[in-house]
Amino acid sequence: MEEAWFIILVSLCVCVLIRVILLFEPFLRTLAAKHGPIFTLRIGSRPVIFIANRALAHQALIQNGSIFSDRPKALPAAKIVSSNQHNINSAPYGATWRALRRNLASEMLHPSRVMSFSGTRKWVLHTLLTRLKSDSQSNDSIKVINHFQYSMFCLLVFMCFGERLDDGKVRDIERVQRQMLLRFRRFNVLNFWPRVTRVLFFKLWEELLRVRKEQEDVLVPLIRARKQRRGTEGGGLRDDDGFVVSYVDTLLDLELPEEKRKLNEEELVTLCSEFLNAGTDTTSTALQWIMANLVKYPHVQERVVEEIKEVVGERVREEREVKEEDLQKLPYLKAVILEGLRRHPPGHFVLPHAVTEDVILKDYLVPKNGTVNFMVAEIGLDPKVWEDPMAFKPERFMNDEGFDFDITGSKEIKMMPFGAGRRICPGYNLALLHLEYFVANLVWNFEWKVPEGGDVDFSEKQEFTTVMKNALQVQLSPRI
């Protein structure tokens with residue numbers, strides 16, 4: 001009888017905890033307003049510090065970067081998904097993390113390597129425009145997020161595996177990736193009293209293992225196929241646009257410095273999954289938020305179109321494509337992208353940081369091994385930095401000389417949608433390129449309007465990223 005009551009009590013506590021987590025962000029905003037821009041909650045056995053101030057974020061991440069660059073020890077569910085922290089996001093600050101990040105930054109995100117995928121970006125753009133045109137011809141209004149997600153998956157899948165896969169395989173990858181993303185929050189309950197919850201919720205634990213296995217079943221054959229092709233073709237792999245080095249290629253060559261070994265298949269799956277998630281869901285989410293604002297504010301959309309006309313000229317009228325080399329000449333477009341990221345960052349928090357020693361932050365002691373969270377959305381809405389912060393005003397990023405803004409926050413943090421400091425998202429330049437390229441071509445090829453009797457709803461909900469609660473519905477008219 002006592003055992004039964006214990007199980008009921010634990011289950012009720014877990015249910016209450018899950019509900020609190022779902023309402024966590026408004027609760028944190030209330031605490032920040034009441035207690036100031038830095039405060040502590042005790043969750044489990046560790047203090048969890050929240051920072052909602054840009055100056056404190058700069059002091060922590062830039063001025064004390066080496067101290068604030070560690071990650072908390074992975075909890076049971078996260079250990080499964082991260083191969084015991086063998087990925088860039090969750091690896092502890094040290095030699096393994098440096099090797100993984102350096103490989104991504106120098107082998108995949110170097111400007112020359114990014115340029116090698118320009119033909120693939122053009123192919124994905126053409127596919128997206130064709131799908132949007134077909135859908136809009138059949139329907140008075142269309143939901144665009146599915147088209148955005150599919151297009152980003154096609155692009156990142158090619159960059160990851162070096163293959164233009166057929167629709168069925170892309171859909172399989174998209175299915176297992178989003179299945180893990182959307183279900184992962186459900187598995188958080190397994191992190192509390194793991195010896196107990198793994199028994200109480202054994203079906204949930206089995207579901208986690210099954211979802212992970214499905215992910216491996218889809219990704220491992222692609223990794224093995226790439227490895228086999230490298231062996232038979234001597235590494236000189238080509239696609240329709242010439243020589244290409246995929247992310248998997250770089251990982252197959254990588255050796256972990258501390259363990260003196262190559263990556264195993266489980267770790268390869270984890271790193272490929274991380275690469276796909278980082279470049280697909282976040283980018284498609286940001287793209288939807290930006291396009292929603294361009295629909296809501298037609299004068300902003302038309303100013304982007306006019307800038308393209310004025311800067312790029314007759315060629316773009318004939319070819320119907322804003323090329324990548326044109327983007328540097330479009331400062332207002334860049335301002336639109338940044339304003340979208342400021343107003344609607346895909347992640348309202350960066351991944352938690354951990355400190356490696358006791359440190360004083362504005363007379364506040366952050367204890368060794370404390371977990372630190374930075375409230376990205378709040379920092380980007382600071383009224384002391386941004387006049388009328390809730391408004392969508394791309395002009396705020398313009399000055400007399402055009403566009404000038406440091407997204408890295410190295411000198412001063414005003415917003416941090418990609419994080420800041422040593423753990424800043426290594427792919428921020430690639431993300432900006434993708435957003436600029438696709439936004440420019442979407443508004444150049446179509447006029448984006450609110451459907452008759454409709455409106456743009458800026459309500460939010462939390463998935464893997466912070467998404468539109470009601471997906472954007474639009475009416476598209478081809479620009480002739």
# chains A, B, ... in the order shown; residues from 1 in each chain; ligands from 1
$ residues_around --residues "region 202-213 of chain A" --least-positions-apart "6" --cutoff "9 Å" --atoms "only C-alpha atoms" --output "list of chain:residue names"
A:Ala77, A:Ile80, A:Val81, A:Val176, A:Gln179, A:Met180, A:Arg183, A:Phe184, A:Arg186, A:Phe187, A:Leu190
$ atom_distance --atom1 "CA of Asn264 (chain A)" --atom2 "CA of Tyr428 (chain A)"
27.5 Å
$ residues_around --residues "region 429-441 of chain A" --least-positions-apart "6" --cutoff "8 Å" --atoms "only C-alpha atoms" --output "MDAnalysis selection string"
chainID A and resid 109 114 125 279 283 286:287 291 304:305 308 320:324 327 333:334 337
$ write_last_selection --atoms "all heavy atoms" --output "short mmCIF file (atom, residue, chain, number, x, y, z; two decimals), in the first residue's frame"
data_model
loop_
_atom_site.label_atom_id
_atom_site.label_comp_id
_atom_site.auth_asym_id
_atom_site.auth_seq_id
_atom_site.Cartn_x
_atom_site.Cartn_y
_atom_site.Cartn_z
N LEU A 109 32.37 25.23 -42.80
CA LEU A 109 31.83 26.59 -42.76
C LEU A 109 32.83 27.64 -43.23
O LEU A 109 32.54 28.84 -43.16
CB LEU A 109 31.35 26.91 -41.33
CG LEU A 109 30.26 25.97 -40.79
CD1 LEU A 109 29.89 26.34 -39.37
CD2 LEU A 109 29.04 25.97 -41.69
N VAL A 114 31.59 26.91 -48.13
CA VAL A 114 30.20 27.36 -48.24
C VAL A 114 29.87 27.70 -49.68
O VAL A 114 28.80 27.36 -50.20
CB VAL A 114 29.95 28.56 -47.31
CG1 VAL A 114 28.57 29.17 -47.58
CG2 VAL A 114 30.05 28.14 -45.85
N LEU A 125 16.33 26.44 -54.09
CA LEU A 125 15.48 27.61 -54.31
C LEU A 125 14.49 27.35 -55.44
O LEU A 125 13.29 27.65 -55.31
CB LEU A 125 16.33 28.84 -54.63
CG LEU A 125 15.55 30.08 -55.08
CD1 LEU A 125 14.68 30.61 -53.94
CD2 LEU A 125 16.51 31.17 -55.58
N GLY A 279 20.64 23.48 -38.82
CA GLY A 279 20.46 24.24 -40.05
C GLY A 279 19.10 24.18 -40.68
O GLY A 279 18.84 24.88 -41.66
N THR A 283 16.41 27.56 -39.07
CA THR A 283 16.34 28.45 -40.23
C THR A 283 14.92 28.55 -40.77
O THR A 283 14.45 29.64 -41.11
CB THR A 283 17.29 27.96 -41.34
OG1 THR A 283 18.61 27.84 -40.81
CG2 THR A 283 17.31 28.94 -42.50
N ALA A 286 12.94 30.77 -38.39
CA ALA A 286 13.26 32.19 -38.58
C ALA A 286 12.69 32.71 -39.90
O ALA A 286 12.18 33.84 -39.97
CB ALA A 286 14.78 32.37 -38.56
N LEU A 287 12.75 31.88 -40.93
CA LEU A 287 12.23 32.29 -42.24
C LEU A 287 10.73 32.55 -42.17
O LEU A 287 10.23 33.54 -42.74
CB LEU A 287 12.54 31.20 -43.27
CG LEU A 287 12.22 31.48 -44.73
CD1 LEU A 287 12.91 32.75 -45.20
CD2 LEU A 287 12.63 30.29 -45.60
N MET A 291 9.01 36.22 -42.91
CA MET A 291 7.99 36.37 -43.95
C MET A 291 6.66 36.81 -43.36
O MET A 291 5.90 37.55 -44.00
CB MET A 291 7.84 35.08 -44.74
CG MET A 291 9.09 34.65 -45.51
SD MET A 291 9.81 35.95 -46.54
CE MET A 291 8.46 36.30 -47.66
N VAL A 304 12.04 46.17 -49.71
CA VAL A 304 13.01 45.14 -50.08
C VAL A 304 13.01 44.96 -51.60
O VAL A 304 14.07 44.89 -52.24
CB VAL A 304 12.71 43.80 -49.38
CG1 VAL A 304 13.65 42.70 -49.89
CG2 VAL A 304 12.85 43.93 -47.86
N VAL A 305 11.82 44.87 -52.19
CA VAL A 305 11.71 44.69 -53.64
C VAL A 305 12.34 45.88 -54.37
O VAL A 305 13.08 45.70 -55.36
CB VAL A 305 10.24 44.51 -54.05
CG1 VAL A 305 10.11 44.48 -55.58
CG2 VAL A 305 9.67 43.23 -53.45
N ILE A 308 16.11 45.73 -54.35
CA ILE A 308 16.61 44.75 -55.33
C ILE A 308 16.59 45.36 -56.73
O ILE A 308 17.56 45.25 -57.49
CB ILE A 308 15.78 43.46 -55.27
CG1 ILE A 308 15.97 42.76 -53.93
CG2 ILE A 308 16.18 42.51 -56.42
CD1 ILE A 308 15.04 41.58 -53.71
N ARG A 320 15.13 36.44 -62.86
CA ARG A 320 14.23 36.15 -61.73
C ARG A 320 14.97 35.52 -60.55
O ARG A 320 14.39 34.78 -59.78
CB ARG A 320 13.06 35.24 -62.15
CG ARG A 320 12.24 35.70 -63.33
CD ARG A 320 11.78 37.13 -63.20
NE ARG A 320 11.01 37.39 -61.99
CZ ARG A 320 10.64 38.60 -61.58
NH1 ARG A 320 11.02 39.66 -62.27
NH2 ARG A 320 9.95 38.75 -60.48
N GLU A 321 16.27 35.77 -60.46
CA GLU A 321 17.03 35.26 -59.30
C GLU A 321 17.93 36.34 -58.75
O GLU A 321 18.68 36.98 -59.49
CB GLU A 321 17.88 34.05 -59.67
CG GLU A 321 18.64 33.50 -58.46
CD GLU A 321 19.80 32.60 -58.83
OE1 GLU A 321 20.04 32.37 -60.03
OE2 GLU A 321 20.49 32.14 -57.91
N VAL A 322 17.85 36.55 -57.45
CA VAL A 322 18.83 37.37 -56.75
C VAL A 322 19.97 36.44 -56.38
O VAL A 322 19.80 35.50 -55.60
CB VAL A 322 18.23 38.00 -55.48
CG1 VAL A 322 19.26 38.89 -54.79
CG2 VAL A 322 16.97 38.79 -55.81
N LYS A 323 21.13 36.67 -56.96
CA LYS A 323 22.26 35.76 -56.74
C LYS A 323 22.96 36.08 -55.42
O LYS A 323 22.81 37.16 -54.86
CB LYS A 323 23.24 35.87 -57.91
CG LYS A 323 22.65 35.39 -59.23
CD LYS A 323 23.69 35.38 -60.34
CE LYS A 323 23.09 34.82 -61.63
NZ LYS A 323 24.08 34.76 -62.74
N GLU A 324 23.74 35.10 -54.97
CA GLU A 324 24.42 35.26 -53.69
C GLU A 324 25.36 36.46 -53.68
O GLU A 324 25.49 37.16 -52.67
CB GLU A 324 25.16 33.98 -53.33
CG GLU A 324 24.22 32.83 -53.02
CD GLU A 324 24.94 31.54 -52.68
OE1 GLU A 324 26.12 31.60 -52.28
OE2 GLU A 324 24.34 30.47 -52.82
N LEU A 327 23.85 39.86 -52.63
CA LEU A 327 23.35 40.09 -51.28
C LEU A 327 24.12 41.16 -50.54
O LEU A 327 23.55 41.90 -49.72
CB LEU A 327 23.36 38.77 -50.48
CG LEU A 327 22.50 37.64 -51.05
CD1 LEU A 327 22.68 36.36 -50.24
CD2 LEU A 327 21.03 38.04 -51.09
N LEU A 333 17.79 44.66 -46.90
CA LEU A 333 17.47 43.25 -46.73
C LEU A 333 18.16 42.68 -45.49
O LEU A 333 17.53 41.97 -44.69
CB LEU A 333 17.91 42.46 -47.97
CG LEU A 333 17.88 40.93 -47.85
CD1 LEU A 333 16.45 40.43 -47.74
CD2 LEU A 333 18.60 40.28 -49.02
N LYS A 334 19.43 43.00 -45.30
CA LYS A 334 20.15 42.52 -44.12
C LYS A 334 19.50 43.04 -42.84
O LYS A 334 19.40 42.32 -41.83
CB LYS A 334 21.62 42.97 -44.18
CG LYS A 334 22.43 42.30 -45.28
CD LYS A 334 23.87 42.77 -45.26
CE LYS A 334 24.68 42.11 -46.36
NZ LYS A 334 24.80 40.66 -46.16
N ILE A 337 16.43 40.98 -42.02
CA ILE A 337 16.78 39.69 -41.43
C ILE A 337 17.12 39.85 -39.96
O ILE A 337 16.63 39.09 -39.10
CB ILE A 337 17.97 39.05 -42.19
CG1 ILE A 337 17.65 38.86 -43.67
CG2 ILE A 337 18.36 37.72 -41.54
CD1 ILE A 337 16.42 38.06 -43.97
#
$ residues_around --residues "Phe68 (chain A)" --least-positions-apart "5" --cutoff "8 Å" --atoms "only C-alpha atoms" --output "PyMOL selection string"
chain A and resi 60-61+353-356
$ write_last_selection --atoms "C-alpha atoms" --output "CSV table (one decimal), in the first residue's frame"
chain,number,residue,atom,x,y,z
A,60,ALA,CA,30.1,36.5,-18.7
A,61,LEU,CA,30.4,35.3,-22.3
A,353,HIS,CA,26.4,27.1,-19.8
A,354,ALA,CA,28.3,25.8,-16.8
A,355,VAL,CA,31.1,27.6,-14.9
A,356,THR,CA,34.4,26.0,-14.1
$ select_by_dssp --residues "region 66-291 of chain A" --states "alpha helix (DSSP H)" --output "PyMOL selection string"
chain A and resi 76-81+95-103+111-115+118-138+145-161+167-183+194-200+202-233+247-252+265-291
$ closest_residue --among "A:Ser151, A:Asn470, A:Ser141, A:Thr250" --to "His126 (chain A)" --atoms "only C-alpha atoms"
A:Ser151
$ closest_atom_pairs --of "region 132-157 of chain A" --to "region 452-464 of chain A" --cutoff "12 Å" --atoms "only C-alpha atoms" --output "Markdown table"
| residue | atom | partner | partner_atom | distance |
| --- | --- | --- | --- | --- |
| A:Asp140 | CA | A:Glu452 | CA | 8.9 |
| A:Ser141 | CA | A:Glu452 | CA | 8.8 |
| A:Ile142 | CA | A:Gly454 | CA | 11.8 |
| A:Lys143 | CA | A:Val456 | CA | 11.9 |
$ residues_around --residues "Gln137 (chain A)" --least-positions-apart "6" --cutoff "12 Å" --atoms "only C-alpha atoms" --output "number ranges by chain"
A: 130-131, 475-478
